[in-house]
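Reviewing the structure listed below.
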Amino acid sequence: MKRNVLVTGAWPYANYLLHIGHLVALLPGDVIARYYRMNGDNVVYVSGSDTHGTPITERAKKEGKTPAEIAMYYHNEDVKSLEKAGFSYDMYTSTESDYHKEKVMKYFKEMYDNGNIYEKEEEQDYCPKCNKFLSDREIIGTCPHCGGEAKGDQCDSCLASLESNELLNRRCSTCGSTPELRKNKHLYLELSKFQKDIENLIKERESIWRKNALNESKKFLSMGLIDRAATRQLDWGIKIPVDGYEDKRIYVWIEAVLGYITTCERVLEERGESFKDFITDPNLISYYSIGKDNIPFHTIIFPAILKAIGENMSLPTHIISCEFMNMSDEKMSKSKGNLITINDIVDKFGKDTVRYFMIANGPEKKDTNFSENDLIMAHNKFLVGGLGNFINRNVSFINKKFDGVVSEGIVNSDIIKLTKDTYSEVAKLIEAGELRAALDKVFDYVSEANKFYDNSTPWIQVKEDMDAFNNTTYTCMYMIANLSNLLRPFIPDTTDRMKALLGIEENGWNEVTLSGDIKLNDIGLLFERIDVK
RNA sequence: CGCGGGAUAGAGCAGCCUGGUAGCUCGUUGGGCUCAUAACCCAAAGGUCAUUGGUUCAAAUCCAUUUCCCGCAACCA
């Protein structure tokens with residue numbers, strides 16, 4: 001039976017080019033989506049650019065542009081990068097799309113009408129000269145602990161976490177004037193109400209979610225969930241569908257995660273399918289491919305929002321939360337300039353090499369260090385020496401001696417069993433989000449293929465026993481055909497070429513059988529060896 | 001006691017959730033093969049799985065302890 005599967009990737013913030021950190025966080029989603037599609041399930045795979053919030057407005061101000069210009073520039077760049085890396089989103093949109101904005105306002109209104117969003121009036125710092133309310137971050141002053149210069153949320157000198165009213169000699173960070181208190185009202189999401197619901201969710205997902213997702217979520221729950229502001233003093237973002245909030249916008253943390261839902265709805269609408277049936281399906285399987293810094297938004301806030309909307313939407317079943325990929329033990333950072341963009345690395349090494357490496361060596365369970373040398377080693381060993389070599393040694397032989405025609409033979413029965421087992425084991429691993437182990441499994445199969453070739457010694461068989469030779473090569477073709485499926489979620493371009501070699505079309509997640517003689521098409525080398533400098 | 005992650009062969013890492021012969025890649029040594037991109041296959045050497053204690057018939061794996069290493073303003077997966 002067809003399963004409903006929602007796969008999502010975290011929404012990148014549209015103020016910088018995507019880098020390999022984004023890649024390792026988002027790629028698992030693509031592999032999972034491709035796998036389920038091959039399996040014949042009903043897949044919706046979505047993401048988009050997160051375009052609102054203060055960092056973009058600040059950047060725009062600095063560069064003399066509008067926030068929309070900044071956001072759309074990076075959104076377009078990100079679309080190109082993702083395409084380049086082979087992402088197969090059913091839709092990659094942005095939080096600036098009218099569809100998203102409209103739906104978010106609808107959901108916001110529902111939460112408000114349900115009484116899960118409430119108004120709170122409080123005194124807030126106001127800068128009389130800049131004519132605006134100041135957030136904690138926009139207030140500077142002297143740290144009460146160390147006497148150093150500090151911002152309102154944290155002291156840069158001693159790292160103490162602060163409340164902005166603890167600061168001495170408080171000033172507006174823009175103009176330096178002394179802020180005064182004025183009454184201001186904001187809307188709050190009553191997160192505290194959902195403590196029990198989230199606790200139950202975590203308990204149910206104990207054996208499914210990754211360890212980092214569970215630990216991080218439990219930490220927040222043990223501290224007790226606190227209500228969060230849902231509105232912000234800002235003019236860039238989604239308008240508040242409540243009277244008296246014309247000067248404010250919906251806080252990004254609430255609307256960005258709702259993008260999963262709004263975009264899912266849009267995809268299904270375009271397909272002419274029912275969104276409601278899909279999203280309330282109690283058996284819906286959902287994957288959220290994210291980085292570890294994004295965990296609480298997906299395991300706590302997002303489920304709480306879904307509960308608060310109250311339409312009985314399915315809560316996340318799988319959190320694919322990766323660790324960080326560092327550069328020589330340092331966190332990648334824009335200011336340090338030690339980033340590698342997706343564009344650069346794909347241009348340099350090719351889409352599939354990068355995809356292979358990022359899954360096989362990515363930070364699935366703990367931080368890893370990126371090393372170009374490791375990437376080259378892995379490329380040469382597994383893609384050239386393993387997969388590429390297996391195909392090339394067969395093809396060269398057949399081309400040389402038999403003019404590119406493989407005669408029908410009998411496929412080795414041990415290999416058939418191994419093949420079927422590999423399909424089911426890899427499927428299980430991918431569904432569990434264990435992509436590294438899944439890919440390892442497939443490459444074990446590649447290794448078995450080379451062993452089979454060596455042990456069969458076709459170069460001797462060809463002289464002594466043509467039946468045996470034909471059985472060997474036919475078995476090899478069978479393995480190539482099945483590898484073109486098994487590897488398809490990971491390295492789709494390469495598997496297309498493998499299929500072209502054999503002239504096969506099937507793309508399902510199940511054993512491919514061959515019949516009759518096969519005329520090989522010329523596809524050249526799958527991968528070229530890279531020399532280490 | 002701020003929070004979190006880590007410590008496994010010369011290097012880089014997997015295994016730990018769901019205890020039961022210690023595995024992969026590179027490197028080293030020896031052999032095989034010649035179909036193949038100095039590719040492929042086989043074998044060997046190399047580890048008291050950081051420390052100490054506990055649970056268990058059994059611990060790299062679970063619990064606790066100690067030591068050492070790394071990350072934790074903003075941008076940011």
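Residues in the structure tokens are numbered from 1 in each chain, the chains being A, B, ... in the order shown, and ligands are numbered from 1 in the order shown.
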Contact residues (chain A, partner chain B, 6 Å, only C-alpha atoms (C1' of nucleotides)) as a ChimeraX atom specification:
/A:21-22,25,156,291,334,385,389,393,397,454
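Neighbouring residues of Val411 of chain A at 9 Å or closer, counting only C-alpha atoms (C1' of nucleotides) and skipping chain neighbours under 5 positions away, are Ile416, Asn471, Thr472, Thr473, Tyr474, Thr475, Cys476 and Tyr478 of chain A.
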Export N, CA, C and O atoms of the chosen residues as a short mmCIF file (atom, residue, chain, number, x, y, z; two decimals), in the first residue's frame?
```cif
data_model
loop_
_atom_site.label_atom_id
_atom_site.label_comp_id
_atom_site.auth_asym_id
_atom_site.auth_seq_id
_atom_site.Cartn_x
_atom_site.Cartn_y
_atom_site.Cartn_z
N ILE A 416 21.91 -13.49 -6.48
CA ILE A 416 20.50 -13.08 -6.47
C ILE A 416 20.04 -12.89 -5.02
O ILE A 416 19.40 -11.90 -4.67
N ASN A 471 27.77 -16.82 -18.02
CA ASN A 471 27.08 -16.72 -16.73
C ASN A 471 27.73 -15.65 -15.85
O ASN A 471 27.04 -14.87 -15.19
N THR A 472 29.04 -15.63 -15.86
CA THR A 472 29.75 -14.63 -15.06
C THR A 472 29.42 -13.21 -15.53
O THR A 472 29.03 -12.36 -14.73
N THR A 473 29.56 -12.95 -16.79
CA THR A 473 29.33 -11.58 -17.26
C THR A 473 27.85 -11.20 -17.12
O THR A 473 27.53 -10.07 -16.79
N TYR A 474 26.99 -12.17 -17.33
CA TYR A 474 25.56 -11.84 -17.19
C TYR A 474 25.23 -11.51 -15.73
O TYR A 474 24.44 -10.61 -15.45
N THR A 475 25.85 -12.24 -14.85
CA THR A 475 25.68 -11.94 -13.42
C THR A 475 26.19 -10.53 -13.11
O THR A 475 25.57 -9.78 -12.35
N CYS A 476 27.29 -10.19 -13.73
CA CYS A 476 27.84 -8.84 -13.51
C CYS A 476 26.88 -7.77 -14.04
O CYS A 476 26.66 -6.74 -13.39
N TYR A 478 23.75 -8.03 -14.28
CA TYR A 478 22.64 -8.04 -13.31
C TYR A 478 22.99 -7.19 -12.09
O TYR A 478 22.18 -6.40 -11.58
#
```
Residues near segment 55-62 of chain B, anyone? I mean within 8 Å using only C-alpha atoms (C1' of nucleotides), not counting same-chain ones fewer than 6 positions away, as a PDB file with C-alpha atoms (C1' of nucleotides), in the first residue's frame.
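The result, stored in part_24.pdb:
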```
ATOM      1  C1'   U B   8      38.788   2.651  19.642  1.00  0.00           C
ATOM      2  C1'   C B  16      27.918   1.997  21.544  1.00  0.00           C
ATOM      3  C1'   G B  19      25.922  -6.100  25.778  1.00  0.00           C
ATOM      4  C1'   G B  20      27.951 -11.938  23.189  1.00  0.00           C
ATOM      5  C1'   C B  49      38.509   0.035  22.816  1.00  0.00           C
TER       6        C B  49
END
```
Running DSSP on the backbone, which parts of segment 162-207 of chain A land in helix (DSSP H, G or I), as a count of residues only?
17
Between atom CA of Cys264 of chain A and atom CA of Thr280 of chain A, measure the distance and give it in Å to one decimal.
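Taking atom CA of Cys264 of chain A as the start and atom CA of Thr280 of chain A as the end point, the length is 12.3 Å.
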What is the atom CA of Asn184 of chain A-atom CA of Arg249 of chain A distance in Å, reported with one decimal?
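Result for atom CA of Asn184 of chain A versus atom CA of Arg249 of chain A: 13.9 Å, one decimal.
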Just the residues within 12 Å of Glu206 of chain A, please, counting only C-alpha atoms (C1' of nucleotides), with nothing from its chain fewer than 6 positions along; format it as an NGL selection string.
(:A and (199-200 or 212-215 or 217-218 or 299 or 317-319)) or (:B and (17))
If you count only C-alpha atoms (C1' of nucleotides), which residues fall within 6 Å of segment 35-39 of chain A, apart from same-chain ones fewer than 4 positions away, as a VMD selection string?
chain A and resid 489 508 to 509
Those same residues - N, CA, C and O atoms - I'd like them written as a PDB file, in the first residue's frame.
```pdb
ATOM      1  N   PRO A 489      19.174   6.812  -4.943  1.00  0.00           N
ATOM      2  CA  PRO A 489      18.886   7.918  -4.020  1.00  0.00           C
ATOM      3  C   PRO A 489      20.129   8.741  -3.703  1.00  0.00           C
ATOM      4  O   PRO A 489      20.019   9.919  -3.377  1.00  0.00           O
ATOM      5  N   GLY A 508      12.372   1.275  -9.965  1.00  0.00           N
ATOM      6  CA  GLY A 508      11.707   0.903  -8.714  1.00  0.00           C
ATOM      7  C   GLY A 508      12.687   0.375  -7.679  1.00  0.00           C
ATOM      8  O   GLY A 508      13.819   0.016  -7.997  1.00  0.00           O
ATOM      9  N   TRP A 509      12.220   0.380  -6.432  1.00  0.00           N
ATOM     10  CA  TRP A 509      13.077  -0.164  -5.383  1.00  0.00           C
ATOM     11  C   TRP A 509      12.831  -1.676  -5.274  1.00  0.00           C
ATOM     12  O   TRP A 509      12.257  -2.171  -4.318  1.00  0.00           O
TER      13      TRP A 509
END
```
How far is it from atom CA of Leu234 of chain A to atom CA of Asp113 of chain A, in Å with one decimal?
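Going from atom CA of Leu234 of chain A over to atom CA of Asp113 of chain A covers 23.1 Å.
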Close residues, Ser484 of chain A itself excluded, 9 Å, only C-alpha atoms (C1' of nucleotides), min 3 positions apart in chain, as a ChimeraX atom specification
/A:479-481,487-488,492,494-499,507
So that I can check the surroundings of Ala230 of chain A, please list as a PyMOL selection string every protein, DNA and RNA residue that reaches within 8 Å of it, counting only C-alpha atoms (C1' of nucleotides) and ignoring chain neighbours fewer than 3 positions away.
chain A and resi 117+186-189+250-251+254
Give me every strand (DSSP E or B) residue in segment 82-254 of chain A, going by DSSP on the backbone, as an NGL selection string.
:A and (91-94 or 117-127 or 132-133 or 139-142 or 149-151 or 154-155 or 161 or 168-172 or 180-189 or 228-229 or 231-233 or 239 or 248-250)
Return the single residue from A:Val512, A:His19, A:Gly224, A:Asn283 that is closest to Lys2 of chain A, with distances computed using only C-alpha atoms.
A:Asn283
